[in-house]
Amino acid sequence: MTNKTDTTTTTVNPTNDAPQSQSAVSVYQQLRGHLAVLKLDAAAQALPQVLQIAAEQEWTMTYTLEHLLGIEVDATEARRLAGRLRFACLPTPATLDGFDYDAAPGVDRALIRELGTCAYLESATNVLLIGPPGTGKTHLAVGLAHAAVHAGYRTYVTTAADLAARCHKAAIEGRWATCMRFFAGPTLLVIDELGYLPLPAEAASALFQVVAQRYLKTSIVITTNRSVAEWGEVLGDTTVAAAMLDRLLHRSVVLKLDGDSYRLRDHHARTQNQRTATAPTRRTLQ
Ligand code: ADP
Ligand code: MG
C-alpha cells in the first residue's frame, strides 16, 4: 500500500534549480505535501495564489511565509471561535455593546466596561446580577458570556432549573462525577434565572457542589430576581444557601438592577404607537 502523504522524496537543491521548471514543480508538490501532513489546509489552499502574488510583487521570503502562515492562523482562530460559540449555547445574541444604559439608571457603565475586558475571569471573580424581571439581567449575563467567548475563554450558559435537572438526571443514571466535571470545566459558567422556578429538593446540593468546586478557580455569573436574603427560601435549605453564598460572594461583583421592565417599556411604546396610528384623524371640512 502506498502512503499518499509520504514526503521522503528527493531533496531539491534550492540554489540550483536546473532544470528550472522540473525542480520548481517538484518543490511545489513537496511543499503541498508538507502542508497536507501538517493539516494546514487553509495555507495549502491559499498556496498557489500567495506564491503568484509574492512573485508578482517581489515579496521577500520572510514576508511570504508570514503571509501564508497568517492565513492558517486566521482560519484556526475562526474555527476555534465557532467551536467555543457552539459550546457556549448563548440563548440570545445580546451583547454588552447593545445594552442601553439610558434605560437602566443606576447601572455602573464603567463597571460593565471593566467586566467586558474579562479581567475578572483571571481572578475567578463571580458576578451576581440581582433585580426584578425585565431589567436586563439575562442581557448582561449573555453579553458577558459573549465577550468571554470572543476573548478565547471556554464559556457555558445555562439556567438554574436546567442545571438542577441535568444534575438530577446524571445522579439517577450514575453519571454524577461526569456531570460535576462538565460544570467545573468552563472558565465562565453563567447560571441564569435563579429564583424564577421552584427548584426540586436535591437542586440545592447540586448547585452547592457546582459552586464549591469552582470556588477560587473559575468564575460564575449568576442572575436572580431574589435578594440574597431570600436564597434560603429559594433553595429550600438555609444552611446550604448560606454556604453557597459564602463562596459566591467571597470574591464577587454584585450588580443591582432596578427600574421598569424593558419588555414592558417596549410593550408600552408599541401600544402607544398603535394608538397614535389608529386614532381617528380630524379633518377640516372644506
Ligand atoms: P431579565 O433577565 O432581567 O428578566 P432581560 O435581560 O431578559 O431581563 O431583558 C428583557 C428584554 O429586554 C431582552 O430582550 C433584553 O435584550 C432587553 N433589555 C433589557 N434591558 C435592556 C437594556 N438596558 N438595553 C437594551 N436591551 C435591554
Ligand atoms: Mg432573565
# chains A, B, ... in the order shown; residues from 1 in each chain; ligands from 1

call {"tool": "residues_around", "arguments": {"residues": "Arg247 of chain A", "least_positions_apart": "2", "cutoff": "8 Å", "atoms": "only C-alpha atoms", "output": "NGL selection string"}}
result
:A and (211-212 or 215 or 243-245 or 249-251)

call {"tool": "write_last_selection", "arguments": {"atoms": "N, CA and C atoms", "output": "PDB file, in the first residue's frame"}}
result
ATOM      1  N   VAL A 211     -20.922  25.245  42.703  1.00  0.00           N
ATOM      2  CA  VAL A 211     -20.288  26.472  43.201  1.00  0.00           C
ATOM      3  C   VAL A 211     -19.007  26.128  43.966  1.00  0.00           C
ATOM      4  N   ALA A 212     -19.093  25.112  44.825  1.00  0.00           N
ATOM      5  CA  ALA A 212     -17.945  24.761  45.674  1.00  0.00           C
ATOM      6  C   ALA A 212     -16.746  24.303  44.847  1.00  0.00           C
ATOM      7  N   TYR A 215     -15.049  27.289  43.226  1.00  0.00           N
ATOM      8  CA  TYR A 215     -14.637  28.333  44.165  1.00  0.00           C
ATOM      9  C   TYR A 215     -13.143  28.663  44.075  1.00  0.00           C
ATOM     10  N   ALA A 243     -23.877  28.559  52.887  1.00  0.00           N
ATOM     11  CA  ALA A 243     -22.551  28.054  52.488  1.00  0.00           C
ATOM     12  C   ALA A 243     -22.246  28.406  51.038  1.00  0.00           C
ATOM     13  N   MET A 244     -23.280  28.346  50.204  1.00  0.00           N
ATOM     14  CA  MET A 244     -23.107  28.666  48.789  1.00  0.00           C
ATOM     15  C   MET A 244     -22.833  30.159  48.605  1.00  0.00           C
ATOM     16  N   LEU A 245     -23.610  30.990  49.292  1.00  0.00           N
ATOM     17  CA  LEU A 245     -23.423  32.439  49.202  1.00  0.00           C
ATOM     18  C   LEU A 245     -22.053  32.857  49.721  1.00  0.00           C
ATOM     19  N   LEU A 249     -19.893  34.947  47.181  1.00  0.00           N
ATOM     20  CA  LEU A 249     -19.672  36.372  47.453  1.00  0.00           C
ATOM     21  C   LEU A 249     -18.252  36.701  47.883  1.00  0.00           C
ATOM     22  N   HIS A 250     -17.494  35.679  48.274  1.00  0.00           N
ATOM     23  CA  HIS A 250     -16.131  35.905  48.770  1.00  0.00           C
ATOM     24  C   HIS A 250     -15.319  36.787  47.806  1.00  0.00           C
ATOM     25  N   ARG A 251     -15.357  36.435  46.553  1.00  0.00           N
ATOM     26  CA  ARG A 251     -14.680  37.273  45.561  1.00  0.00           C
ATOM     27  C   ARG A 251     -15.716  37.553  44.477  1.00  0.00           C
TER      28      ARG A 251
END

call {"tool": "residues_near_ligand", "arguments": {"ligand": "ligand 1", "cutoff": "6 Å", "atoms": "only C-alpha atoms and all ligand atoms", "output": "list in words"}}
result
Ala94, Gly98, Phe99, Asp100, Tyr101, Ala103, Ala104, Pro133, Gly134, Thr135, Gly136, Lys137, Thr138, His139, Tyr262 and Arg263 of chain A

call {"tool": "residues_near_ligand", "arguments": {"ligand": "ligand 2", "cutoff": "12 Å", "atoms": "only C-alpha atoms and all ligand atoms", "output": "PyMOL selection string"}}
result
chain A and resi 91-92+94+129-142+158-160+190-197+222-225+257+261-263

call {"tool": "residues_around", "arguments": {"residues": "Asp74 of chain A", "least_positions_apart": "5", "cutoff": "12 Å", "atoms": "only C-alpha atoms", "output": "PyMOL selection string"}}
result
chain A and resi 40-43+66-69+79-81

call {"tool": "residues_around", "arguments": {"residues": "Gln45 of chain A", "least_positions_apart": "5", "cutoff": "10 Å", "atoms": "only C-alpha atoms", "output": "number ranges by chain"}}
result
A: 32, 35-36, 40, 50, 68, 71-72

call {"tool": "atom_distance", "arguments": {"atom1": "atom CA of Lys39 of chain A", "atom2": "atom CA of Ser26 of chain A"}}
result
19.7 Å

call {"tool": "atom_distance", "arguments": {"atom1": "atom CA of Gly116 of chain A", "atom2": "atom CA of His146 of chain A"}}
result
9.3 Å

call {"tool": "closest_residue", "arguments": {"among": "A:Ala242, A:Leu47, A:Leu188, A:Ala229", "to": "His34 of chain A", "atoms": "only C-alpha atoms"}}
result
A:Leu47

call {"tool": "atom_distance", "arguments": {"atom1": "atom CA of Ala151 of chain A", "atom2": "atom CA of Thr117 of chain A"}}
result
8.3 Å

call {"tool": "closest_residue", "arguments": {"among": "A:Glu202, A:Asp162, A:Asp108, A:Glu230", "to": "Val254 of chain A", "atoms": "only C-alpha atoms"}}
result
A:Asp108

call {"tool": "select_by_dssp", "arguments": {"residues": "segment 193-267 of chain A", "states": "helix (DSSP H, G or I)", "output": "ChimeraX atom specification"}}
result
/A:203-214,228-235,238-250,262-267

call {"tool": "residues_around", "arguments": {"residues": "Glu122 of chain A", "least_positions_apart": "4", "cutoff": "9 Å", "atoms": "only C-alpha atoms", "output": "count of residues only"}}
result
4

call {"tool": "select_by_dssp", "arguments": {"residues": "segment 121-209 of chain A", "states": "strand (DSSP E or B)", "output": "ChimeraX atom specification"}}
result
/A:126-130,155-159,188-194

call {"tool": "write_last_selection", "arguments": {"atoms": "N, CA and C atoms", "output": "PDB file, in the first residue's frame"}}
result
ATOM      1  N   ASN A 126     -16.684  36.199  40.823  1.00  0.00           N
ATOM      2  CA  ASN A 126     -18.053  35.915  40.397  1.00  0.00           C
ATOM      3  C   ASN A 126     -18.817  37.214  40.192  1.00  0.00           C
ATOM      4  N   VAL A 127     -19.873  37.156  39.392  1.00  0.00           N
ATOM      5  CA  VAL A 127     -20.723  38.328  39.172  1.00  0.00           C
ATOM      6  C   VAL A 127     -22.160  37.947  39.493  1.00  0.00           C
ATOM      7  N   LEU A 128     -22.786  38.716  40.381  1.00  0.00           N
ATOM      8  CA  LEU A 128     -24.195  38.480  40.722  1.00  0.00           C
ATOM      9  C   LEU A 128     -25.028  39.611  40.159  1.00  0.00           C
ATOM     10  N   LEU A 129     -26.015  39.276  39.356  1.00  0.00           N
ATOM     11  CA  LEU A 129     -26.914  40.286  38.799  1.00  0.00           C
ATOM     12  C   LEU A 129     -28.266  40.087  39.459  1.00  0.00           C
ATOM     13  N   ILE A 130     -28.657  41.072  40.244  1.00  0.00           N
ATOM     14  CA  ILE A 130     -29.884  40.932  41.024  1.00  0.00           C
ATOM     15  C   ILE A 130     -30.883  42.024  40.629  1.00  0.00           C
ATOM     16  N   THR A 155     -16.760  28.934  27.725  1.00  0.00           N
ATOM     17  CA  THR A 155     -17.902  29.513  28.432  1.00  0.00           C
ATOM     18  C   THR A 155     -19.121  28.624  28.232  1.00  0.00           C
ATOM     19  N   TYR A 156     -19.972  28.542  29.264  1.00  0.00           N
ATOM     20  CA  TYR A 156     -21.199  27.771  29.119  1.00  0.00           C
ATOM     21  C   TYR A 156     -22.335  28.502  29.815  1.00  0.00           C
ATOM     22  N   VAL A 157     -23.469  28.617  29.109  1.00  0.00           N
ATOM     23  CA  VAL A 157     -24.625  29.324  29.666  1.00  0.00           C
ATOM     24  C   VAL A 157     -25.752  28.326  29.922  1.00  0.00           C
ATOM     25  N   THR A 158     -26.302  28.376  31.132  1.00  0.00           N
ATOM     26  CA  THR A 158     -27.421  27.506  31.462  1.00  0.00           C
ATOM     27  C   THR A 158     -28.364  28.260  32.402  1.00  0.00           C
ATOM     28  N   THR A 159     -29.470  27.635  32.750  1.00  0.00           N
ATOM     29  CA  THR A 159     -30.352  28.230  33.759  1.00  0.00           C
ATOM     30  C   THR A 159     -30.249  27.368  35.016  1.00  0.00           C
ATOM     31  N   LEU A 188     -15.869  30.246  32.359  1.00  0.00           N
ATOM     32  CA  LEU A 188     -17.023  31.029  32.814  1.00  0.00           C
ATOM     33  C   LEU A 188     -18.286  30.177  32.713  1.00  0.00           C
ATOM     34  N   LEU A 189     -18.999  30.088  33.834  1.00  0.00           N
ATOM     35  CA  LEU A 189     -20.298  29.405  33.845  1.00  0.00           C
ATOM     36  C   LEU A 189     -21.362  30.449  34.168  1.00  0.00           C
ATOM     37  N   VAL A 190     -22.340  30.593  33.280  1.00  0.00           N
ATOM     38  CA  VAL A 190     -23.450  31.514  33.542  1.00  0.00           C
ATOM     39  C   VAL A 190     -24.650  30.692  34.009  1.00  0.00           C
ATOM     40  N   ILE A 191     -25.163  31.039  35.180  1.00  0.00           N
ATOM     41  CA  ILE A 191     -26.368  30.372  35.689  1.00  0.00           C
ATOM     42  C   ILE A 191     -27.464  31.440  35.735  1.00  0.00           C
ATOM     43  N   ASP A 192     -28.401  31.326  34.813  1.00  0.00           N
ATOM     44  CA  ASP A 192     -29.442  32.341  34.669  1.00  0.00           C
ATOM     45  C   ASP A 192     -30.690  31.932  35.463  1.00  0.00           C
ATOM     46  N   GLU A 193     -31.430  32.924  35.879  1.00  0.00           N
ATOM     47  CA  GLU A 193     -32.773  32.721  36.448  1.00  0.00           C
ATOM     48  C   GLU A 193     -32.844  31.885  37.718  1.00  0.00           C
ATOM     49  N   LEU A 194     -32.000  32.197  38.669  1.00  0.00           N
ATOM     50  CA  LEU A 194     -32.158  31.526  39.958  1.00  0.00           C
ATOM     51  C   LEU A 194     -33.310  32.211  40.695  1.00  0.00           C
TER      52      LEU A 194
END
